[in-house]
file upload_27.csv (CSV, C-alpha atoms (C1' of nucleotides))
chain,number,residue,atom,x,y,z
M,1,MET,CA,0.0,0.0,0.0
M,2,SER,CA,2.5,2.6,1.0
M,3,LYS,CA,5.6,2.7,-1.1
M,4,GLN,CA,4.3,0.6,-3.9
M,5,SER,CA,0.9,2.2,-4.3
M,6,GLN,CA,2.3,5.6,-4.2
M,7,ALA,CA,4.5,4.8,-7.2
M,8,ILE,CA,1.7,3.0,-8.9
M,9,ALA,CA,-0.8,5.7,-8.4
M,10,VAL,CA,1.2,7.8,-10.9
M,11,LEU,CA,0.1,5.4,-13.7
M,12,ALA,CA,-3.6,6.2,-13.2
M,13,GLU,CA,-2.8,9.8,-12.7
M,14,GLN,CA,-1.2,10.2,-16.1
M,15,VAL,CA,-4.5,9.5,-17.7
M,16,ARG,CA,-5.7,12.9,-16.4
M,17,CYS,CA,-3.7,14.6,-19.1
M,18,CYS,CA,-5.6,12.9,-21.9
M,19,ALA,CA,-8.3,14.7,-23.9
M,20,PRO,CA,-11.1,12.4,-25.0
M,21,LEU,CA,-10.0,9.8,-27.4
M,22,VAL,CA,-12.4,11.0,-30.1
M,23,ARG,CA,-11.4,14.6,-30.1
M,24,ASP,CA,-7.6,14.7,-30.5
M,25,PRO,CA,-5.2,12.1,-31.8
M,26,LEU,CA,-3.5,10.3,-28.9
M,27,SER,CA,0.3,10.7,-28.6
M,28,ALA,CA,2.4,7.6,-28.6
M,29,GLU,CA,3.1,8.0,-24.8
M,30,GLN,CA,-0.5,8.6,-24.0
M,31,SER,CA,-1.6,5.5,-25.9
M,32,VAL,CA,0.9,3.3,-24.1
M,33,THR,CA,-0.3,4.5,-20.7
M,34,LEU,CA,-4.0,4.2,-21.6
M,35,ALA,CA,-3.5,0.8,-23.2
M,36,ARG,CA,-2.0,-0.5,-20.0
M,37,LEU,CA,-5.1,0.4,-18.1
M,38,PHE,CA,-7.6,-1.0,-20.7
M,39,LYS,CA,-5.5,-4.2,-20.9
M,40,ALA,CA,-5.9,-4.6,-17.2
M,41,LEU,CA,-9.7,-4.5,-17.8
M,42,GLY,CA,-9.4,-6.9,-20.8
M,43,ASP,CA,-9.8,-10.1,-18.8
M,44,PRO,CA,-13.1,-11.6,-17.6
M,45,VAL,CA,-11.8,-12.6,-14.3
M,46,ARG,CA,-10.4,-9.1,-13.6
M,47,LEU,CA,-13.6,-7.4,-14.6
M,48,ARG,CA,-15.6,-9.6,-12.2
M,49,LEU,CA,-13.1,-9.1,-9.4
M,50,LEU,CA,-13.4,-5.3,-9.9
M,51,SER,CA,-17.2,-5.4,-9.9
M,52,LEU,CA,-17.3,-7.9,-6.9
M,53,ILE,CA,-15.1,-5.6,-4.9
M,54,ALA,CA,-17.0,-2.4,-5.9
M,55,SER,CA,-20.4,-3.9,-5.2
M,56,HIS,CA,-19.4,-5.6,-1.9
M,57,GLU,CA,-20.8,-4.1,1.2
M,58,GLY,CA,-18.6,-1.2,2.4
M,59,GLY,CA,-17.0,-1.0,-1.0
M,60,GLU,CA,-14.3,-3.3,0.0
M,61,ALA,CA,-13.7,-7.1,0.0
M,62,CYS,CA,-11.0,-9.4,1.2
M,63,VAL,CA,-9.5,-12.1,-1.0
M,64,CYS,CA,-11.4,-14.7,0.9
M,65,ASP,CA,-14.6,-13.1,-0.4
M,66,LEU,CA,-13.4,-13.4,-4.0
M,67,THR,CA,-11.7,-16.8,-4.3
M,68,GLY,CA,-14.8,-18.8,-3.8
M,69,VAL,CA,-16.6,-17.2,-6.8
M,70,PHE,CA,-14.2,-18.6,-9.4
M,71,ASN,CA,-12.9,-22.1,-10.2
M,72,LEU,CA,-9.4,-20.7,-9.9
M,73,THR,CA,-6.6,-21.3,-7.5
M,74,GLY,CA,-5.4,-18.8,-5.0
M,75,PRO,CA,-2.2,-17.8,-6.9
M,76,THR,CA,-4.2,-17.0,-10.0
M,77,ILE,CA,-6.6,-14.7,-8.1
M,78,SER,CA,-3.6,-13.1,-6.5
M,79,HIS,CA,-2.0,-12.6,-9.9
M,80,HIS,CA,-5.1,-10.8,-11.2
M,81,LEU,CA,-5.4,-8.6,-8.2
M,82,LYS,CA,-1.8,-7.6,-8.6
M,83,VAL,CA,-2.4,-6.6,-12.2
M,84,LEU,CA,-5.4,-4.5,-11.1
M,85,ARG,CA,-3.3,-3.0,-8.3
M,86,GLU,CA,-0.3,-2.1,-10.5
M,87,ALA,CA,-2.7,-0.5,-13.0
M,88,GLY,CA,-3.9,1.8,-10.2
M,89,LEU,CA,-7.5,0.5,-10.5
M,90,ILE,CA,-7.7,-0.9,-7.0
M,91,THR,CA,-5.9,-0.5,-3.7
M,92,GLY,CA,-5.3,-3.1,-1.0
M,93,ASP,CA,-4.4,-2.7,2.7
M,94,ARG,CA,-3.8,-5.4,5.3
M,95,ARG,CA,-5.8,-5.2,8.5
M,96,GLY,CA,-4.6,-8.0,10.7
M,97,THR,CA,-4.9,-11.3,9.0
M,98,TRP,CA,-6.9,-10.2,6.0
M,99,ILE,CA,-6.1,-7.9,3.1
M,100,TYR,CA,-9.0,-5.7,2.0
M,101,TYR,CA,-9.2,-4.4,-1.5
M,102,ARG,CA,-11.3,-1.4,-2.8
M,103,VAL,CA,-11.6,0.2,-6.2
M,104,ARG,CA,-10.3,3.7,-7.1
M,105,PRO,CA,-13.4,5.4,-8.5
M,106,ASP,CA,-11.3,8.3,-9.8
M,107,ALA,CA,-9.3,5.9,-12.1
M,108,LEU,CA,-12.5,4.4,-13.5
M,109,GLN,CA,-14.0,7.9,-13.9
M,110,ARG,CA,-11.0,9.1,-15.9
M,111,LEU,CA,-11.1,6.0,-18.2
M,112,SER,CA,-14.7,6.6,-18.7
M,113,ASP,CA,-14.1,10.2,-19.7
M,114,VAL,CA,-11.5,9.3,-22.2
M,115,LEU,CA,-14.1,7.3,-24.2
M,116,VAL,CA,-16.7,9.9,-24.8
M,117,PRO,CA,-16.5,13.3,-26.5
M,118,GLY,CA,-17.8,15.4,-23.6
M,119,GLY,CA,-15.3,14.2,-21.1
M,120,THR,CA,-12.8,17.0,-21.3
M,121,VAL,CA,-13.4,18.2,-17.8
M,122,THR,CA,-12.8,15.5,-15.3
M,123,PRO,CA,-15.2,15.8,-12.5
M,124,ALA,CA,-12.3,15.1,-10.1
M,125,VAL,CA,-13.9,12.5,-7.9
M,126,GLY,CA,-12.2,12.8,-4.5
M,127,VAL,CA,-9.2,10.6,-4.1
F,1,MET,CA,-19.9,-4.0,-43.7
F,2,SER,CA,-22.8,-6.2,-44.8
F,3,LYS,CA,-23.0,-9.7,-43.5
F,4,GLN,CA,-19.9,-9.6,-41.3
F,5,SER,CA,-20.6,-6.3,-39.5
F,6,GLN,CA,-24.2,-7.3,-38.9
F,7,ALA,CA,-23.1,-10.4,-37.0
F,8,ILE,CA,-20.4,-8.5,-35.3
F,9,ALA,CA,-22.6,-5.6,-34.2
F,10,VAL,CA,-24.2,-8.1,-31.8
F,11,LEU,CA,-21.1,-8.1,-29.7
F,12,ALA,CA,-21.2,-4.4,-29.0
F,13,GLU,CA,-24.9,-4.5,-28.5
F,14,GLN,CA,-24.7,-7.0,-25.7
F,15,VAL,CA,-23.0,-4.5,-23.5
F,16,ARG,CA,-26.2,-2.6,-23.4
F,17,CYS,CA,-27.5,-5.2,-20.9
F,18,CYS,CA,-24.8,-4.4,-18.3
F,19,ALA,CA,-25.4,-2.3,-15.3
F,20,PRO,CA,-22.4,-0.2,-14.2
F,21,LEU,CA,-19.5,-2.3,-13.1
F,22,VAL,CA,-19.4,-0.8,-9.7
F,23,ARG,CA,-23.1,-1.3,-8.8
F,24,ASP,CA,-23.8,-5.0,-9.4
F,25,PRO,CA,-21.5,-8.0,-9.7
F,26,LEU,CA,-20.9,-8.9,-13.3
F,27,SER,CA,-22.1,-12.3,-14.5
F,28,ALA,CA,-19.7,-14.6,-16.1
F,29,GLU,CA,-21.1,-14.1,-19.5
F,30,GLN,CA,-21.2,-10.3,-19.2
F,31,SER,CA,-17.6,-10.2,-18.1
F,32,VAL,CA,-16.5,-12.3,-21.1
F,33,THR,CA,-18.3,-9.9,-23.5
F,34,LEU,CA,-17.0,-6.8,-21.8
F,35,ALA,CA,-13.5,-8.1,-21.5
F,36,ARG,CA,-13.4,-8.7,-25.3
F,37,LEU,CA,-14.1,-5.1,-25.9
F,38,PHE,CA,-11.7,-3.7,-23.3
F,39,LYS,CA,-9.0,-6.1,-24.6
F,40,ALA,CA,-9.5,-4.6,-28.1
F,41,LEU,CA,-8.7,-1.2,-26.5
F,42,GLY,CA,-5.7,-2.7,-24.6
F,43,ASP,CA,-3.1,-2.0,-27.3
F,44,PRO,CA,-1.4,1.3,-27.9
F,45,VAL,CA,-1.6,0.9,-31.7
F,46,ARG,CA,-5.3,0.2,-31.6
F,47,LEU,CA,-6.0,3.2,-29.3
F,48,ARG,CA,-4.1,5.5,-31.6
F,49,LEU,CA,-5.9,4.1,-34.6
F,50,LEU,CA,-9.2,4.7,-32.9
F,51,SER,CA,-8.4,8.3,-32.0
F,52,LEU,CA,-6.9,9.0,-35.4
F,53,ILE,CA,-10.0,7.8,-37.1
F,54,ALA,CA,-12.3,9.6,-34.8
F,55,SER,CA,-10.5,12.9,-34.9
F,56,HIS,CA,-9.9,12.8,-38.7
F,57,GLU,CA,-11.9,15.3,-40.7
F,58,GLY,CA,-15.3,14.0,-41.5
F,59,GLY,CA,-15.0,11.4,-38.7
F,60,GLU,CA,-13.6,8.9,-41.1
F,61,ALA,CA,-10.2,7.9,-42.4
F,62,CYS,CA,-8.9,5.5,-45.0
F,63,VAL,CA,-6.1,3.1,-44.2
F,64,CYS,CA,-3.6,5.2,-46.3
F,65,ASP,CA,-4.2,8.0,-43.7
F,66,LEU,CA,-3.2,5.6,-40.9
F,67,THR,CA,-0.3,3.5,-42.1
F,68,GLY,CA,2.1,6.4,-42.4
F,69,VAL,CA,1.8,7.3,-38.7
F,70,PHE,CA,3.3,4.1,-37.4
F,71,ASN,CA,6.5,2.2,-38.0
F,72,LEU,CA,4.5,-0.8,-38.8
F,73,THR,CA,3.8,-2.8,-42.0
F,74,GLY,CA,0.5,-2.9,-43.8
F,75,PRO,CA,-0.6,-6.3,-42.6
F,76,THR,CA,-0.1,-5.3,-39.0
F,77,ILE,CA,-2.3,-2.2,-39.3
F,78,SER,CA,-4.8,-4.3,-41.2
F,79,HIS,CA,-4.8,-6.8,-38.3
F,80,HIS,CA,-5.4,-4.2,-35.7
F,81,LEU,CA,-8.2,-2.7,-37.7
F,82,LYS,CA,-9.8,-6.1,-38.0
F,83,VAL,CA,-9.7,-6.5,-34.2
F,84,LEU,CA,-11.4,-3.2,-33.7
F,85,ARG,CA,-13.9,-4.0,-36.4
F,86,GLU,CA,-14.7,-7.4,-34.9
F,87,ALA,CA,-15.2,-5.8,-31.5
F,88,GLY,CA,-17.8,-3.5,-33.0
F,89,LEU,CA,-15.8,-0.4,-32.2
F,90,ILE,CA,-15.3,0.7,-35.8
F,91,THR,CA,-16.9,0.1,-39.2
F,92,GLY,CA,-15.3,0.2,-42.6
F,93,ASP,CA,-16.8,0.5,-46.0
F,94,ARG,CA,-15.2,0.5,-49.4
F,95,ARG,CA,-15.7,3.4,-51.7
F,96,GLY,CA,-13.9,2.8,-54.9
F,97,THR,CA,-10.3,2.1,-54.3
F,98,TRP,CA,-10.2,3.1,-50.7
F,99,ILE,CA,-11.7,1.7,-47.6
F,100,TYR,CA,-13.0,4.3,-45.1
F,101,TYR,CA,-13.2,3.6,-41.4
F,102,ARG,CA,-15.2,5.4,-38.8
F,103,VAL,CA,-15.8,4.8,-35.1
F,104,ARG,CA,-19.1,3.7,-33.6
F,105,PRO,CA,-19.8,6.3,-30.9
F,106,ASP,CA,-22.6,4.2,-29.4
F,107,ALA,CA,-20.1,1.4,-28.6
F,108,LEU,CA,-17.7,3.8,-26.8
F,109,GLN,CA,-20.6,5.4,-25.0
F,110,ARG,CA,-21.8,2.1,-23.6
F,111,LEU,CA,-18.3,1.1,-22.5
F,112,SER,CA,-17.9,4.5,-20.8
F,113,ASP,CA,-21.2,4.0,-19.0
F,114,VAL,CA,-20.2,0.7,-17.6
F,115,LEU,CA,-17.2,2.3,-15.8
F,116,VAL,CA,-19.1,4.9,-13.8
F,117,PRO,CA,-21.8,4.5,-11.2
F,118,GLY,CA,-24.3,6.8,-12.8
F,119,GLY,CA,-24.3,5.2,-16.2
F,120,THR,CA,-27.4,3.0,-15.8
F,121,VAL,CA,-29.4,4.7,-18.5
F,122,THR,CA,-27.5,4.7,-21.7
F,123,PRO,CA,-28.1,8.1,-23.5
F,124,ALA,CA,-28.6,6.1,-26.7
F,125,VAL,CA,-26.4,8.1,-29.0
F,126,GLY,CA,-27.8,7.7,-32.5
F,127,VAL,CA,-26.2,4.9,-34.5
Y,1,DA,C1',-6.8,-7.9,-71.1
Y,2,DA,C1',-2.9,-6.6,-68.7
Y,3,DG,C1',-0.8,-4.0,-65.3
Y,4,DC,C1',-1.0,-1.2,-61.1
Y,5,DT,C1',-2.3,0.2,-56.4
Y,6,DG,C1',-4.8,-0.1,-51.9
Y,7,DG,C1',-5.8,-3.3,-48.7
Y,8,DA,C1',-6.8,-8.0,-46.7
Y,9,DT,C1',-5.5,-12.8,-45.7
Y,10,DC,C1',-2.2,-16.6,-44.7
Y,11,DG,C1',1.7,-18.8,-42.4
Y,12,DA,C1',5.4,-18.4,-39.3
Y,13,DC,C1',8.1,-16.5,-35.7
Y,14,DG,C1',9.1,-14.6,-30.9
Y,15,DT,C1',7.0,-12.7,-27.0
Y,16,DC,C1',3.5,-12.0,-23.6
Y,17,DT,C1',-0.3,-13.9,-20.6
Y,18,DG,C1',-3.2,-17.0,-17.7
Y,19,DT,C1',-2.9,-20.9,-15.0
Y,20,DC,C1',-1.2,-24.1,-11.7
Y,21,DA,C1',2.0,-26.6,-8.1
Y,22,DA,C1',5.3,-25.7,-4.8
Y,23,DG,C1',7.3,-22.8,-1.6
Y,24,DG,C1',7.5,-18.4,1.2
Y,25,DT,C1',5.9,-14.4,4.4
Y,26,DA,C1',2.9,-12.1,7.9
Y,27,DG,C1',-0.2,-12.1,11.6
Y,28,DA,C1',-3.2,-14.8,15.3
Y,29,DG,C1',-3.5,-18.1,18.8
Y,30,DC,C1',-1.9,-21.9,21.6
N,1,DG,C1',8.5,-20.8,20.2
N,2,DC,C1',5.4,-23.5,17.3
N,3,DT,C1',1.5,-24.0,14.4
N,4,DC,C1',-2.3,-22.6,11.7
N,5,DT,C1',-4.5,-19.6,8.5
N,6,DA,C1',-4.6,-16.0,4.8
N,7,DC,C1',-2.2,-14.4,1.2
N,8,DC,C1',1.7,-13.6,-1.9
N,9,DT,C1',5.8,-15.0,-4.9
N,10,DT,C1',8.4,-18.1,-7.9
N,11,DG,C1',9.0,-21.3,-11.7
N,12,DA,C1',7.1,-23.6,-15.4
N,13,DC,C1',4.1,-24.5,-19.2
N,14,DA,C1',0.3,-24.1,-22.9
N,15,DG,C1',-2.1,-21.0,-25.5
N,16,DA,C1',-2.8,-16.3,-27.2
N,17,DC,C1',-1.0,-12.0,-29.2
N,18,DG,C1',1.8,-8.7,-32.1
N,19,DT,C1',4.6,-8.5,-36.0
N,20,DC,C1',6.3,-9.5,-40.5
N,21,DG,C1',7.1,-11.5,-45.4
N,22,DA,C1',4.6,-13.5,-49.0
N,23,DT,C1',0.5,-14.0,-51.4
N,24,DC,C1',-4.1,-12.8,-52.9
N,25,DC,C1',-8.3,-10.0,-54.1
N,26,DA,C1',-10.8,-5.7,-55.7
N,27,DG,C1',-11.0,-1.8,-58.3
N,28,DC,C1',-8.9,1.7,-61.4
N,29,DT,C1',-6.3,2.9,-65.7
N,30,DT,C1',-4.5,2.2,-70.0
call {"tool": "encode", "arguments": {"input": "upload_27.csv", "output": "structure tokens"}}
result
Amino acid sequence: MSKQSQAIAVLAEQVRCCAPLVRDPLSAEQSVTLARLFKALGDPVRLRLLSLIASHEGGEACVCDLTGVFNLTGPTISHHLKVLREAGLITGDRRGTWIYYRVRPDALQRLSDVLVPGGTVTPAVGV
Amino acid sequence: MSKQSQAIAVLAEQVRCCAPLVRDPLSAEQSVTLARLFKALGDPVRLRLLSLIASHEGGEACVCDLTGVFNLTGPTISHHLKVLREAGLITGDRRGTWIYYRVRPDALQRLSDVLVPGGTVTPAVGV
DNA sequence: AAGCTGGATCGACGTCTGTCAAGGTAGAGC
DNA sequence: GCTCTACCTTGACAGACGTCGATCCAGCTT
């Protein structure tokens, strides 16, 4: 959470500087940054993990809430959570034995804004 | 365009049935459909192609407008355009010698809506 | 018809990705 | 300290993906 997430958060932050996809041509750098985020969303398991975490009560879920849903081993779930975390789409913090994950609404908001023409002004959902 | 696009359009249409990612847990089928679309966006070249097409004058561009931008061969560009086309994100129609591509704003709008909590009601941008 | 040009398809290559089994780390409880 | 549980990391492997050269098709021009 601390050192790693701080460095990782930069990735999702960089998207802020993108005008909507359909207004101005993306630069090479912007496209690489954006693609990394969309690629993180480009897996059924990761999408379900994201929506399970977001819709779980309190907006957070521990890994034990997630593993039972899939026919996948622990390491695989852990791998997907790592991808989402490194993309800046979720955060995780350990409280005692369990690690709780929650989504970063600002990251999703920015991605959403990039896709539609009117999204120039990011509503700046509180971090 | 004709037979192929009609079948393909179904893919992008299926997204319509998704509530926002962060409200309700995605079903297995929904996540597969959605992931296919996000995966199509998960490549820097495809993102730039999309934004180049969308921001080109008239909202359309022929392949000859696109190939010069990248250090990639024709077949590679053609491959990426096919991926975007099969995802339902762009359409292409041949007019004489050239093939013109344009984005499907409705598909991007639906993807955008899935990412944010308020996107339940799709504004239904005209096809 | 023959040749030319824009663009797609095919086949092959190297790399990346998703998955698992095995082993490792952090905290709780005895 | 020892053990148990929850979770992560590593190493390995099959399949998918991005890229290219070669080939093929559609439409224009002569």
call {"tool": "residues_around", "arguments": {"input": "upload_27.csv", "residues": "DC24 in chain N", "least_positions_apart": "6", "cutoff": "12 Å", "atoms": "all atoms listed in the file", "output": "ChimeraX atom specification"}}
result
/Y:7-10
call {"tool": "residues_near_point", "arguments": {"input": "upload_27.csv", "point": "(4.6, -27.2, -7.5)", "cutoff": "10 Å", "atoms": "all atoms listed in the file", "output": "MDAnalysis selection string"}}
result
(chainID Y and resid 20:23) or (chainID N and resid 10:12)
call {"tool": "closest_residue", "arguments": {"input": "upload_27.csv", "among": "M:Val116, M:Ile90, M:Ala107, M:Cys64", "to": "chain N", "atoms": "all atoms listed in the file"}}
result
M:Cys64
call {"tool": "interface_residues", "arguments": {"input": "upload_27.csv", "of": "chain Y", "to": "chain M", "cutoff": "8 Å", "atoms": "all atoms listed in the file", "output": "mmCIF file with C-alpha atoms (C1' of nucleotides), in the coordinates of the input"}}
result
data_model
loop_
_atom_site.group_PDB
_atom_site.id
_atom_site.type_symbol
_atom_site.label_atom_id
_atom_site.label_comp_id
_atom_site.auth_asym_id
_atom_site.auth_seq_id
_atom_site.Cartn_x
_atom_site.Cartn_y
_atom_site.Cartn_z
ATOM 1 C "C1'" DG Y 18 -3.200 -17.000 -17.700
ATOM 2 C "C1'" DT Y 19 -2.900 -20.900 -15.000
ATOM 3 C "C1'" DC Y 20 -1.200 -24.100 -11.700
ATOM 4 C "C1'" DA Y 26 2.900 -12.100 7.900
ATOM 5 C "C1'" DG Y 27 -0.200 -12.100 11.600
ATOM 6 C "C1'" DA Y 28 -3.200 -14.800 15.300
#
call {"tool": "residues_around", "arguments": {"input": "upload_27.csv", "residues": "range 12-17 of chain Y", "least_positions_apart": "4", "cutoff": "12 Å", "atoms": "all atoms listed in the file", "output": "VMD selection string"}}
result
(chain M and resid 39 to 40 42 to 43 76 79 to 80 83) or (chain N and resid 13 to 22)
call {"tool": "interface_residues", "arguments": {"input": "upload_27.csv", "of": "chain N", "to": "chain M", "cutoff": "9 Å", "atoms": "only C-alpha atoms (C1' of nucleotides)", "output": "number ranges by chain"}}
result
N: 5-9
call {"tool": "closest_atom_pairs", "arguments": {"input": "upload_27.csv", "of": "chain F", "to": "chain M", "cutoff": "8 Å", "atoms": "all atoms listed in the file", "output": "CSV"}}
result
residue,atom,partner,partner_atom,distance
F:Leu21,CA,M:Ser51,CA,5.0
F:Val22,CA,M:Ala54,CA,4.8
F:Arg23,CA,M:Ser55,CA,5.2
F:Asp24,CA,M:Ser55,CA,5.5
F:Pro25,CA,M:Ser51,CA,5.0
F:Leu26,CA,M:Arg48,CA,5.5
F:Ser27,CA,M:Arg48,CA,7.4
F:Ala28,CA,M:Pro44,CA,7.4
F:Ser31,CA,M:Pro44,CA,4.7
F:Val32,CA,M:Pro44,CA,4.9
F:Leu34,CA,M:Pro44,CA,7.5
F:Ala35,CA,M:Gly42,CA,4.3
F:Arg36,CA,M:Gly42,CA,6.3
F:Leu37,CA,M:Gly42,CA,7.2
F:Phe38,CA,M:Gly42,CA,4.7
F:Lys39,CA,M:Gly42,CA,3.9
F:Ala40,CA,M:Gly42,CA,7.7
F:Leu41,CA,M:Phe38,CA,5.9
F:Gly42,CA,M:Lys39,CA,4.0
F:Asp43,CA,M:Ala35,CA,5.0
F:Pro44,CA,M:Ser31,CA,4.7
F:Val45,CA,M:Ser31,CA,7.4
F:Leu47,CA,M:Ser31,CA,6.0
F:Arg48,CA,M:Leu26,CA,5.5
F:Leu50,CA,M:Leu21,CA,7.5
F:Ser51,CA,M:Pro25,CA,5.0
F:Leu52,CA,M:Pro25,CA,5.0
F:Ala54,CA,M:Val22,CA,4.9
F:Ser55,CA,M:Arg23,CA,5.2
F:Pro105,CA,M:Val116,CA,7.7
F:Leu108,CA,M:Leu115,CA,5.7
F:Gln109,CA,M:Val116,CA,6.0
F:Leu111,CA,M:Ser112,CA,7.6
F:Ser112,CA,M:Ser112,CA,4.4
F:Asp113,CA,M:Ser112,CA,7.0
F:Leu115,CA,M:Leu108,CA,5.6
F:Val116,CA,M:Gln109,CA,5.9
call {"tool": "residues_near_point", "arguments": {"input": "upload_27.csv", "point": "(-3.0, 1.3, -61.9)", "cutoff": "12 Å", "atoms": "all atoms listed in the file", "output": "ChimeraX atom specification"}}
result
/F:97 /Y:2-6 /N:27-30
call {"tool": "write_last_selection", "arguments": {"input": "upload_27.csv", "atoms": "C-alpha atoms (C1' of nucleotides)", "output": "compact mmCIF listing (two decimals), in the coordinates of the input"}}
result
# COMPACT_ATOMS: atom_id res chain seq x y z
CA THR F 97 -10.30 2.10 -54.30
C1' DA Y 2 -2.90 -6.60 -68.70
C1' DG Y 3 -0.80 -4.00 -65.30
C1' DC Y 4 -1.00 -1.20 -61.10
C1' DT Y 5 -2.30 0.20 -56.40
C1' DG Y 6 -4.80 -0.10 -51.90
C1' DG N 27 -11.00 -1.80 -58.30
C1' DC N 28 -8.90 1.70 -61.40
C1' DT N 29 -6.30 2.90 -65.70
C1' DT N 30 -4.50 2.20 -70.00
call {"tool": "atom_distance", "arguments": {"input": "upload_27.csv", "atom1": "CA of Leu84 in chain M", "atom2": "CA of Ala19 in chain M"}}
result
23.3 Å
call {"tool": "atom_distance", "arguments": {"input": "upload_27.csv", "atom1": "CA of Glu86 in chain M", "atom2": "CA of Asp65 in chain M"}}
result
20.7 Å
call {"tool": "atom_distance", "arguments": {"input": "upload_27.csv", "atom1": "CA of Arg102 in chain F", "atom2": "C1' of DT23 in chain N"}}
result
28.0 Å
